[in-house]
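Asks: Structure: coords-v6.cif, mmCIF, C-alpha atoms.
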```
data_entry
loop_
_atom_site.group_PDB
_atom_site.id
_atom_site.type_symbol
_atom_site.label_atom_id
_atom_site.label_comp_id
_atom_site.auth_asym_id
_atom_site.auth_seq_id
_atom_site.Cartn_x
_atom_site.Cartn_y
_atom_site.Cartn_z
ATOM 1 C CA MET A 1 -13.855 -19.114 6.669
ATOM 2 C CA GLU A 2 -10.839 -21.216 5.708
ATOM 3 C CA LYS A 3 -12.447 -22.187 2.413
ATOM 4 C CA GLU A 4 -13.096 -18.561 1.402
ATOM 5 C CA LEU A 5 -9.611 -17.414 2.422
ATOM 6 C CA GLU A 6 -8.101 -20.281 0.445
ATOM 7 C CA LYS A 7 -10.068 -19.198 -2.637
ATOM 8 C CA ILE A 8 -8.837 -15.607 -2.305
ATOM 9 C CA ARG A 9 -5.263 -16.829 -1.946
ATOM 10 C CA ASN A 10 -5.583 -19.064 -5.004
ATOM 11 C CA ASP A 11 -7.083 -16.237 -7.058
ATOM 12 C CA LEU A 12 -4.203 -13.947 -6.162
ATOM 13 C CA GLN A 13 -1.582 -16.570 -6.917
ATOM 14 C CA ALA A 14 -3.100 -17.247 -10.336
ATOM 15 C CA CYS A 15 -0.719 -14.496 -11.454
ATOM 16 C CA PRO A 16 2.883 -15.826 -11.179
ATOM 17 C CA GLN A 17 4.139 -12.409 -10.045
ATOM 18 C CA ASN A 18 1.980 -12.535 -6.930
ATOM 19 C CA HIS A 19 2.998 -14.454 -3.847
ATOM 20 C CA ILE A 20 1.030 -15.134 -0.686
ATOM 21 C CA GLU A 21 2.435 -17.022 2.264
ATOM 22 C CA LYS A 22 0.190 -18.234 5.084
ATOM 23 C CA ILE A 23 1.492 -19.072 8.581
ATOM 24 C CA ALA A 24 -0.623 -20.389 11.460
ATOM 25 C CA LEU A 25 0.687 -18.778 14.670
ATOM 26 C CA TYR A 26 -1.912 -19.639 17.330
ATOM 27 C CA LYS A 27 -5.391 -21.074 17.365
ATOM 28 C CA GLY A 28 -7.469 -18.529 15.489
ATOM 29 C CA ILE A 29 -4.476 -16.297 14.616
ATOM 30 C CA GLU A 30 -2.980 -16.517 11.123
ATOM 31 C CA LEU A 31 -0.327 -14.426 9.410
ATOM 32 C CA TYR A 32 -0.276 -13.692 5.684
ATOM 33 C CA PHE A 33 2.598 -12.157 3.719
ATOM 34 C CA PHE A 34 1.654 -10.549 0.416
ATOM 35 C CA THR A 35 3.790 -9.644 -2.589
ATOM 36 C CA VAL A 36 1.594 -8.288 -5.382
ATOM 37 C CA LYS A 37 2.450 -6.937 -8.839
ATOM 38 C CA ALA A 38 -0.810 -5.440 -10.097
ATOM 39 C CA ASP A 39 -2.842 -2.242 -10.306
ATOM 40 C CA SER A 40 -5.926 -3.731 -8.656
ATOM 41 C CA ILE A 41 -7.428 -7.037 -7.531
ATOM 42 C CA SER A 42 -11.096 -7.807 -7.021
ATOM 43 C CA MET A 43 -11.855 -9.251 -3.585
ATOM 44 C CA GLU A 44 -15.134 -10.889 -2.605
ATOM 45 C CA HIS A 45 -15.730 -12.631 0.700
ATOM 46 C CA PRO A 46 -18.485 -12.916 3.311
ATOM 47 C CA LYS A 47 -19.081 -10.003 5.683
ATOM 48 C CA TRP A 48 -17.284 -11.581 8.606
ATOM 49 C CA LYS A 49 -17.597 -9.610 11.829
ATOM 50 C CA HIS A 50 -15.817 -12.152 13.997
ATOM 51 C CA ILE A 51 -12.536 -11.794 12.062
ATOM 52 C CA MET A 52 -10.276 -8.802 12.603
ATOM 53 C CA GLU A 53 -7.563 -7.900 10.101
ATOM 54 C CA ILE A 54 -4.448 -5.944 10.945
ATOM 55 C CA ASN A 55 -2.846 -4.817 7.695
ATOM 56 C CA TYR A 56 0.638 -3.356 7.425
ATOM 57 C CA CYS A 57 2.162 -1.814 4.313
ATOM 58 C CA HIS A 58 5.852 -2.655 4.027
ATOM 59 C CA LEU A 59 6.515 -1.419 0.472
ATOM 60 C CA GLY A 60 4.409 0.176 -2.243
ATOM 61 C CA ARG A 61 0.855 1.327 -1.529
ATOM 62 C CA ILE A 62 -2.537 -0.316 -1.021
ATOM 63 C CA GLY A 63 -6.050 1.126 -1.049
ATOM 64 C CA TRP A 64 -9.558 -0.033 -0.157
ATOM 65 C CA LYS A 65 -12.961 1.247 -1.162
ATOM 66 C CA MET A 66 -15.250 1.154 1.878
ATOM 67 C CA ASP A 67 -18.981 0.523 2.022
ATOM 68 C CA ASN A 68 -19.592 4.244 2.587
ATOM 69 C CA GLY A 69 -18.073 4.982 -0.817
ATOM 70 C CA ASN A 70 -14.877 6.487 0.578
ATOM 71 C CA GLU A 71 -11.390 5.172 -0.032
ATOM 72 C CA ILE A 72 -8.366 4.863 2.233
ATOM 73 C CA HIS A 73 -4.751 4.219 1.259
ATOM 74 C CA LEU A 74 -1.806 2.878 3.231
ATOM 75 C CA GLY A 75 1.788 3.780 2.433
ATOM 76 C CA PRO A 76 4.985 2.266 3.873
ATOM 77 C CA GLY A 77 4.735 2.060 7.662
ATOM 78 C CA ASP A 78 0.963 2.667 7.790
ATOM 79 C CA PHE A 79 -1.427 0.101 9.239
ATOM 80 C CA SER A 80 -5.148 -0.552 9.481
ATOM 81 C CA VAL A 81 -7.453 -2.466 11.808
ATOM 82 C CA HIS A 82 -10.874 -3.586 10.593
ATOM 83 C CA THR A 83 -13.218 -6.505 10.112
ATOM 84 C CA PRO A 84 -13.774 -7.843 6.568
ATOM 85 C CA ASP A 85 -17.402 -6.682 6.527
ATOM 86 C CA THR A 86 -16.100 -3.196 5.623
ATOM 87 C CA CYS A 87 -14.596 -4.464 2.339
ATOM 88 C CA ALA A 88 -16.524 -7.650 1.549
ATOM 89 C CA ARG A 89 -17.140 -6.781 -2.103
ATOM 90 C CA SER A 90 -14.489 -4.341 -3.043
ATOM 91 C CA ALA A 91 -11.352 -3.948 -5.083
ATOM 92 C CA LEU A 92 -7.892 -3.575 -3.659
ATOM 93 C CA TYR A 93 -5.905 -0.871 -5.427
ATOM 94 C CA PHE A 94 -2.133 -0.703 -5.752
ATOM 95 C CA PRO A 95 -1.333 2.824 -7.051
ATOM 96 C CA ALA A 96 2.387 2.089 -7.293
ATOM 97 C CA GLY A 97 1.716 -1.073 -9.326
ATOM 98 C CA GLU A 98 3.169 -3.219 -6.582
ATOM 99 C CA TYR A 99 2.649 -3.957 -2.916
ATOM 100 C CA GLU A 100 4.424 -5.849 -0.179
ATOM 101 C CA GLY A 101 2.851 -6.187 3.220
ATOM 102 C CA LEU A 102 1.324 -8.446 5.814
ATOM 103 C CA THR A 103 -2.090 -9.197 7.250
ATOM 104 C CA LEU A 104 -2.675 -10.661 10.687
ATOM 105 C CA CYS A 105 -6.091 -12.369 10.761
ATOM 106 C CA ILE A 106 -7.554 -12.872 14.231
ATOM 107 C CA ASN A 107 -10.664 -14.882 15.004
ATOM 108 C CA LEU A 108 -12.084 -12.714 17.777
ATOM 109 C CA GLN A 109 -14.256 -15.515 19.163
ATOM 110 C CA GLU A 110 -11.270 -17.856 19.411
ATOM 111 C CA LEU A 111 -9.165 -15.118 20.995
ATOM 112 C CA SER A 112 -11.723 -14.716 23.769
ATOM 113 C CA ALA A 113 -12.227 -18.453 24.259
ATOM 114 C CA HIS A 114 -8.610 -19.618 23.853
ATOM 115 C CA PRO A 115 -6.174 -16.695 24.269
ATOM 116 C CA PRO A 116 -2.436 -17.424 23.948
ATOM 117 C CA LYS A 117 -0.961 -18.037 27.406
ATOM 118 C CA LEU A 118 1.157 -14.880 27.337
ATOM 119 C CA LEU A 119 -2.035 -12.804 27.070
ATOM 120 C CA SER A 120 -3.567 -14.280 30.215
ATOM 121 C CA GLY A 121 -4.466 -11.551 32.673
ATOM 122 C CA THR A 122 -4.029 -8.739 30.145
ATOM 123 C CA GLY A 123 -7.740 -8.249 29.510
ATOM 124 C CA ILE A 124 -7.194 -8.607 25.784
ATOM 125 C CA ARG A 125 -10.338 -10.223 24.401
ATOM 126 C CA GLY A 126 -12.020 -10.275 21.050
ATOM 127 C CA GLU A 127 -14.919 -8.172 22.316
ATOM 128 C CA MET A 128 -12.551 -5.463 23.541
ATOM 129 C CA LEU A 129 -10.727 -5.204 20.217
ATOM 130 C CA TYR A 130 -13.975 -5.157 18.257
ATOM 131 C CA GLU A 131 -15.498 -2.405 20.400
ATOM 132 C CA LYS A 132 -12.345 -0.320 20.263
ATOM 133 C CA PHE A 133 -11.498 -0.535 16.555
ATOM 134 C CA CYS A 134 -14.274 -2.160 14.534
ATOM 135 C CA LYS A 135 -17.628 -1.174 16.043
ATOM 136 C CA ASN A 136 -20.246 0.082 13.576
ATOM 137 C CA GLY A 137 -18.184 -1.010 10.589
ATOM 138 C CA THR A 138 -15.259 1.298 11.372
ATOM 139 C CA PHE A 139 -12.172 1.019 9.163
ATOM 140 C CA ALA A 140 -9.442 2.290 11.487
ATOM 141 C CA SER A 141 -6.243 3.283 9.695
ATOM 142 C CA PHE A 142 -3.185 4.991 11.117
ATOM 143 C CA ALA A 143 0.189 6.415 10.207
ATOM 144 C CA GLY A 144 2.953 4.373 11.753
ATOM 145 C CA ASN A 145 5.360 5.613 14.408
ATOM 146 C CA GLU A 146 8.667 4.424 15.850
ATOM 147 C CA GLU A 147 6.990 1.950 18.208
ATOM 148 C CA THR A 148 4.738 0.356 15.595
ATOM 149 C CA GLU A 149 7.574 0.193 13.064
ATOM 150 C CA ALA A 150 9.738 -1.631 15.616
ATOM 151 C CA VAL A 151 6.991 -4.253 15.916
ATOM 152 C CA PHE A 152 6.086 -4.630 12.250
ATOM 153 C CA SER A 153 9.607 -4.497 10.822
ATOM 154 C CA ALA A 154 10.612 -7.470 12.995
ATOM 155 C CA PHE A 155 8.274 -9.678 10.953
ATOM 156 C CA TYR A 156 10.796 -9.304 8.128
ATOM 157 C CA GLY A 157 14.439 -10.223 7.649
ATOM 158 C CA GLN A 158 14.877 -12.649 10.542
ATOM 159 C CA PRO A 159 17.143 -15.726 10.332
ATOM 160 C CA GLU A 160 15.175 -18.765 9.203
ATOM 161 C CA HIS A 161 15.529 -20.649 12.503
ATOM 162 C CA LEU A 162 14.241 -17.635 14.468
ATOM 163 C CA ARG A 163 11.516 -16.571 12.046
ATOM 164 C CA THR A 164 8.534 -18.372 13.578
ATOM 165 C CA ALA A 165 9.477 -17.372 17.120
ATOM 166 C CA TYR A 166 9.691 -13.704 16.105
ATOM 167 C CA GLN A 167 6.366 -13.892 14.275
ATOM 168 C CA LYS A 168 4.612 -15.373 17.302
ATOM 169 C CA LEU A 169 6.158 -12.882 19.717
ATOM 170 C CA LYS A 170 5.550 -9.856 17.523
ATOM 171 C CA SER A 171 1.923 -10.810 16.852
ATOM 172 C CA LEU A 172 1.297 -10.787 20.609
ATOM 173 C CA GLU A 173 3.290 -7.579 21.035
ATOM 174 C CA LEU A 174 1.069 -6.023 18.377
ATOM 175 C CA LEU A 175 -2.054 -7.005 20.328
ATOM 176 C CA LEU A 176 -0.523 -5.566 23.500
ATOM 177 C CA TYR A 177 0.151 -2.333 21.637
ATOM 178 C CA LEU A 178 -3.442 -2.146 20.361
ATOM 179 C CA GLU A 179 -4.776 -2.730 23.886
ATOM 180 C CA LYS A 180 -2.834 0.194 25.369
ATOM 181 C CA MET A 181 -3.154 2.422 22.311
ATOM 182 C CA GLU A 182 -5.267 5.522 22.711
ATOM 183 C CA LEU A 183 -7.088 6.253 19.464
ATOM 184 C CA GLY A 184 -5.670 9.780 19.394
ATOM 185 C CA GLN A 185 -2.147 8.453 19.917
ATOM 186 C CA ASN A 186 -1.540 7.594 16.258
ATOM 187 C CA SER A 187 -2.439 9.971 13.456
ATOM 188 C CA PRO A 188 -5.527 8.619 11.664
ATOM 189 C CA LEU A 189 -5.302 8.500 7.887
ATOM 190 C CA THR A 190 -7.771 10.583 5.916
ATOM 191 C CA GLU A 191 -10.600 9.003 3.961
ATOM 192 C CA TYR A 192 -11.394 10.587 0.612
ATOM 193 C CA GLN A 193 -14.531 10.395 -1.455
ATOM 194 C CA SER A 194 -14.456 7.971 -4.374
ATOM 195 C CA GLU A 195 -15.265 10.832 -6.759
ATOM 196 C CA GLN A 196 -12.106 12.648 -5.655
ATOM 197 C CA ILE A 197 -10.027 9.487 -6.013
ATOM 198 C CA GLU A 198 -11.405 8.901 -9.511
ATOM 199 C CA ILE A 199 -10.513 12.459 -10.555
ATOM 200 C CA VAL A 200 -6.979 11.983 -9.245
ATOM 201 C CA ARG A 201 -6.621 8.735 -11.201
ATOM 202 C CA LYS A 202 -7.740 10.561 -14.348
ATOM 203 C CA VAL A 203 -5.237 13.325 -13.633
ATOM 204 C CA HIS A 204 -2.512 10.713 -13.176
ATOM 205 C CA GLU A 205 -3.402 9.018 -16.457
ATOM 206 C CA HIS A 206 -3.488 12.371 -18.263
ATOM 207 C CA LEU A 207 -0.064 13.341 -16.946
ATOM 208 C CA THR A 208 1.607 10.012 -17.703
ATOM 209 C CA GLN A 209 0.195 9.985 -21.235
ATOM 210 C CA ASN A 210 1.398 13.534 -21.918
ATOM 211 C CA MET A 211 4.858 13.603 -20.386
ATOM 212 C CA ALA A 212 6.221 15.785 -23.177
ATOM 213 C CA GLN A 213 4.013 18.602 -21.887
ATOM 214 C CA ARG A 214 4.490 20.706 -18.765
ATOM 215 C CA ILE A 215 1.019 20.966 -17.214
ATOM 216 C CA THR A 216 0.400 23.156 -14.169
ATOM 217 C CA ILE A 217 -1.694 22.214 -11.155
ATOM 218 C CA GLU A 218 -3.871 25.245 -11.851
ATOM 219 C CA ALA A 219 -4.616 23.993 -15.380
ATOM 220 C CA LEU A 220 -5.412 20.526 -14.060
ATOM 221 C CA SER A 221 -7.730 21.873 -11.377
ATOM 222 C CA LYS A 222 -9.674 23.864 -13.973
ATOM 223 C CA GLN A 223 -9.850 20.962 -16.427
ATOM 224 C CA TYR A 224 -11.015 18.427 -13.835
ATOM 225 C CA LEU A 225 -13.034 20.833 -11.667
ATOM 226 C CA ILE A 226 -11.198 20.164 -8.435
ATOM 227 C CA ASN A 227 -9.707 22.571 -5.915
ATOM 228 C CA PRO A 228 -5.880 22.759 -6.329
ATOM 229 C CA THR A 229 -5.256 22.091 -2.632
ATOM 230 C CA THR A 230 -7.615 19.112 -2.646
ATOM 231 C CA LEU A 231 -5.973 17.803 -5.811
ATOM 232 C CA LYS A 232 -2.533 17.914 -4.199
ATOM 233 C CA GLU A 233 -3.727 16.338 -0.930
ATOM 234 C CA VAL A 234 -5.661 13.479 -2.549
ATOM 235 C CA PHE A 235 -2.890 12.806 -5.076
ATOM 236 C CA LYS A 236 -0.330 12.443 -2.286
ATOM 237 C CA SER A 237 -2.687 10.163 -0.337
ATOM 238 C CA VAL A 238 -3.116 7.851 -3.326
ATOM 239 C CA TYR A 239 0.382 7.887 -4.842
ATOM 240 C CA GLY A 240 2.493 8.713 -1.808
ATOM 241 C CA THR A 241 4.349 11.732 -3.211
ATOM 242 C CA SER A 242 3.641 15.152 -4.659
ATOM 243 C CA ILE A 243 2.431 15.453 -8.241
ATOM 244 C CA ALA A 244 5.755 16.928 -9.347
ATOM 245 C CA ALA A 245 7.880 14.228 -7.682
ATOM 246 C CA HIS A 246 5.678 11.393 -8.924
ATOM 247 C CA ILE A 247 5.623 12.562 -12.542
ATOM 248 C CA LYS A 248 9.355 13.230 -12.482
ATOM 249 C CA GLU A 249 9.852 9.599 -11.509
ATOM 250 C CA HIS A 250 7.714 8.514 -14.476
ATOM 251 C CA ARG A 251 9.693 10.843 -16.762
ATOM 252 C CA MET A 252 13.004 9.406 -15.670
ATOM 253 C CA GLU A 253 11.813 5.796 -16.010
ATOM 254 C CA GLN A 254 10.444 6.525 -19.481
ATOM 255 C CA ALA A 255 13.703 8.238 -20.443
ATOM 256 C CA ALA A 256 15.654 5.171 -19.308
ATOM 257 C CA ARG A 257 13.454 2.911 -21.452
ATOM 258 C CA LEU A 258 13.898 5.158 -24.499
ATOM 259 C CA LEU A 259 17.662 5.180 -24.021
ATOM 260 C CA LEU A 260 17.752 1.390 -24.157
ATOM 261 C CA GLU A 261 14.992 0.653 -26.654
ATOM 262 C CA THR A 262 15.464 3.399 -29.280
ATOM 263 C CA ASN A 263 18.212 5.177 -31.178
ATOM 264 C CA LEU A 264 16.823 8.621 -30.373
ATOM 265 C CA SER A 265 19.355 11.270 -29.437
ATOM 266 C CA ILE A 266 19.680 12.512 -25.860
ATOM 267 C CA ALA A 267 18.001 15.788 -26.850
ATOM 268 C CA GLU A 268 15.081 13.983 -28.533
ATOM 269 C CA ILE A 269 14.523 11.765 -25.500
ATOM 270 C CA GLY A 270 14.625 14.808 -23.248
ATOM 271 C CA GLN A 271 11.923 16.467 -25.329
ATOM 272 C CA GLN A 272 9.717 13.384 -25.191
ATOM 273 C CA VAL A 273 9.756 13.458 -21.405
ATOM 274 C CA GLY A 274 9.167 17.173 -21.023
ATOM 275 C CA TYR A 275 12.617 18.810 -21.169
ATOM 276 C CA GLU A 276 13.168 21.373 -23.925
ATOM 277 C CA SER A 277 16.778 21.827 -22.844
ATOM 278 C CA GLN A 278 19.168 18.890 -23.206
ATOM 279 C CA SER A 279 21.308 20.225 -20.383
ATOM 280 C CA ARG A 280 18.353 20.333 -17.963
ATOM 281 C CA PHE A 281 17.334 16.811 -18.928
ATOM 282 C CA THR A 282 20.895 15.560 -18.491
ATOM 283 C CA SER A 283 21.126 17.202 -15.079
ATOM 284 C CA ALA A 284 17.779 15.748 -13.941
ATOM 285 C CA PHE A 285 18.673 12.285 -15.250
ATOM 286 C CA LYS A 286 22.032 12.297 -13.482
ATOM 287 C CA ALA A 287 20.425 13.426 -10.211
ATOM 288 C CA TYR A 288 17.948 10.537 -10.442
ATOM 289 C CA PHE A 289 20.158 7.695 -11.751
ATOM 290 C CA HIS A 290 23.576 9.032 -10.612
ATOM 291 C CA THR A 291 24.944 8.684 -14.124
ATOM 292 C CA LEU A 292 24.762 10.603 -17.383
ATOM 293 C CA PRO A 293 22.214 9.474 -20.023
ATOM 294 C CA LYS A 294 24.910 8.482 -22.535
ATOM 295 C CA GLU A 295 26.746 6.459 -19.878
ATOM 296 C CA TYR A 296 23.470 4.787 -18.821
ATOM 297 C CA ARG A 297 22.814 3.784 -22.438
ATOM 298 C CA LYS A 298 26.355 2.527 -22.929
ATOM 299 C CA THR A 299 26.434 0.530 -19.681
ATOM 300 C CA HIS A 300 22.994 -1.071 -19.872
ATOM 301 C CA GLN A 301 22.979 -1.827 -23.576
ATOM 302 C CA GLY A 302 26.336 -3.542 -23.407
#
```
Could you quickly redo this structure as structure tokens?
Replies:
Amino acid sequence: MEKELEKIRNDLQACPQNHIEKIALYKGIELYFFTVKADSISMEHPKWKHIMEINYCHLGRIGWKMDNGNEIHLGPGDFSVHTPDTCARSALYFPAGEYEGLTLCINLQELSAHPPKLLSGTGIRGEMLYEKFCKNGTFASFAGNEETEAVFSAFYGQPEHLRTAYQKLKSLELLLYLEKMELGQNSPLTEYQSEQIEIVRKVHEHLTQNMAQRITIEALSKQYLINPTTLKEVFKSVYGTSIAAHIKEHRMEQAARLLLETNLSIAEIGQQVGYESQSRFTSAFKAYFHTLPKEYRKTHQG
């Protein structure tokens, strides 16, 4: 197992923008911190059933394609529990183009044979966790809540001399939470068919390549043969926001680039990102960047 995990880590770190940190917490329990700048990464590893992964999305978004052909995405605060056999030969997707999160890898056999002392008498064993979350190749994924966020957020931002102690304590607290958790307690995240995800990606590409145009959801649903409600739901699952909010963000970022990289007038830039009226573009830009376009250009070009 160590050899395969090392290969995956090396493959990811082949790109200088990616960073993976590995920390051994207990026998059979390892913590990984991920910072990834990419749209997708191919992942291949054996179909381990004795390893359980707990994944937590801190920033950005991450998605998996499961063996059943469906896809699931985690946004900030969301977490998943599964064994690697559900994603042994799949691609990880990062719809936001970046991802920051952590993975707690637990050898379920080691957990049963050599549990950390603080777990003695709790009944937490590898078999229990597998039966509860991973049986029959289940990919369990959940929206976070105040209690889970209190656990996961403590893995970040701790003073250096307290960091390892927090990581060890919080990893055990996470296992305690999973033991007491009722599966209906946290809202499960929805799986969507790969065909729906692919349509949404095409819609996203179409919108970002035609930002000068104002395209309605109704027109998109007819063009791509998808129900408008389904389109909106799947889009938000993949990209984390509504279609309108997501494309507005792209428009504003493109406008900022044009302000700095071209000599186009404010009105011309507004038209290129879908605003026929200079005043409406200026208002939208100020609401997003908290400064006027001409001031943004002056400040950042200087």
Asks: For stretch 227-241 of chain A, work out the shell of residues within 7 Å, counting only C-alpha atoms and skipping chain neighbours fewer than 3 positions away, then give it as an MDAnalysis selection string.
Replies: chainID A and resid 73 75 95:96 197 200 217:218 221 245:246
Asks: For the structure shown, which residues end up in the PyMOL selection byres ((chain A and resi 99) around 6)? Put them as a JSON list (two decimals) with C-alpha atoms, in the coordinates of the input, please?
Replies:
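File written: selection-v4.json
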```json
[["chain", "number", "residue", "atom", "x", "y", "z"],
["A", 35, "THR", "CA", 3.79, -9.64, -2.59],
["A", 36, "VAL", "CA", 1.59, -8.29, -5.38],
["A", 59, "LEU", "CA", 6.52, -1.42, 0.47],
["A", 60, "GLY", "CA", 4.41, 0.18, -2.24],
["A", 61, "ARG", "CA", 0.86, 1.33, -1.53],
["A", 98, "GLU", "CA", 3.17, -3.22, -6.58],
["A", 100, "GLU", "CA", 4.42, -5.85, -0.18]]
```
Asks: Any chance you could resolve the PyMOL selection byres ((chain A and resi 253-260) around 10) against this file and give the residues as a PyMOL selection string?
Replies: chain A and resi 208+211+247-252+261-266+268-273+281+285+288-289+293-294+296-302
Asks: So how many Å separate atom CA of A:Ser187 and atom CA of A:Glu147, to one decimal?
Replies: 13.3 Å
Asks: What is the distance between atom CA of A:Cys57 and atom CA of A:Phe94, in Å to one decimal?
Replies: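 Result for atom CA of A:Cys57 versus atom CA of A:Phe94: 11.0 Å, one decimal.
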Asks: In Å, rounded to a single decimal, give me how far atom CA of A:Ser120 is from atom CA of A:Ser80.
Replies: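 Atom-to-atom, atom CA of A:Ser80 to atom CA of A:Ser120, that is 24.9 Å.
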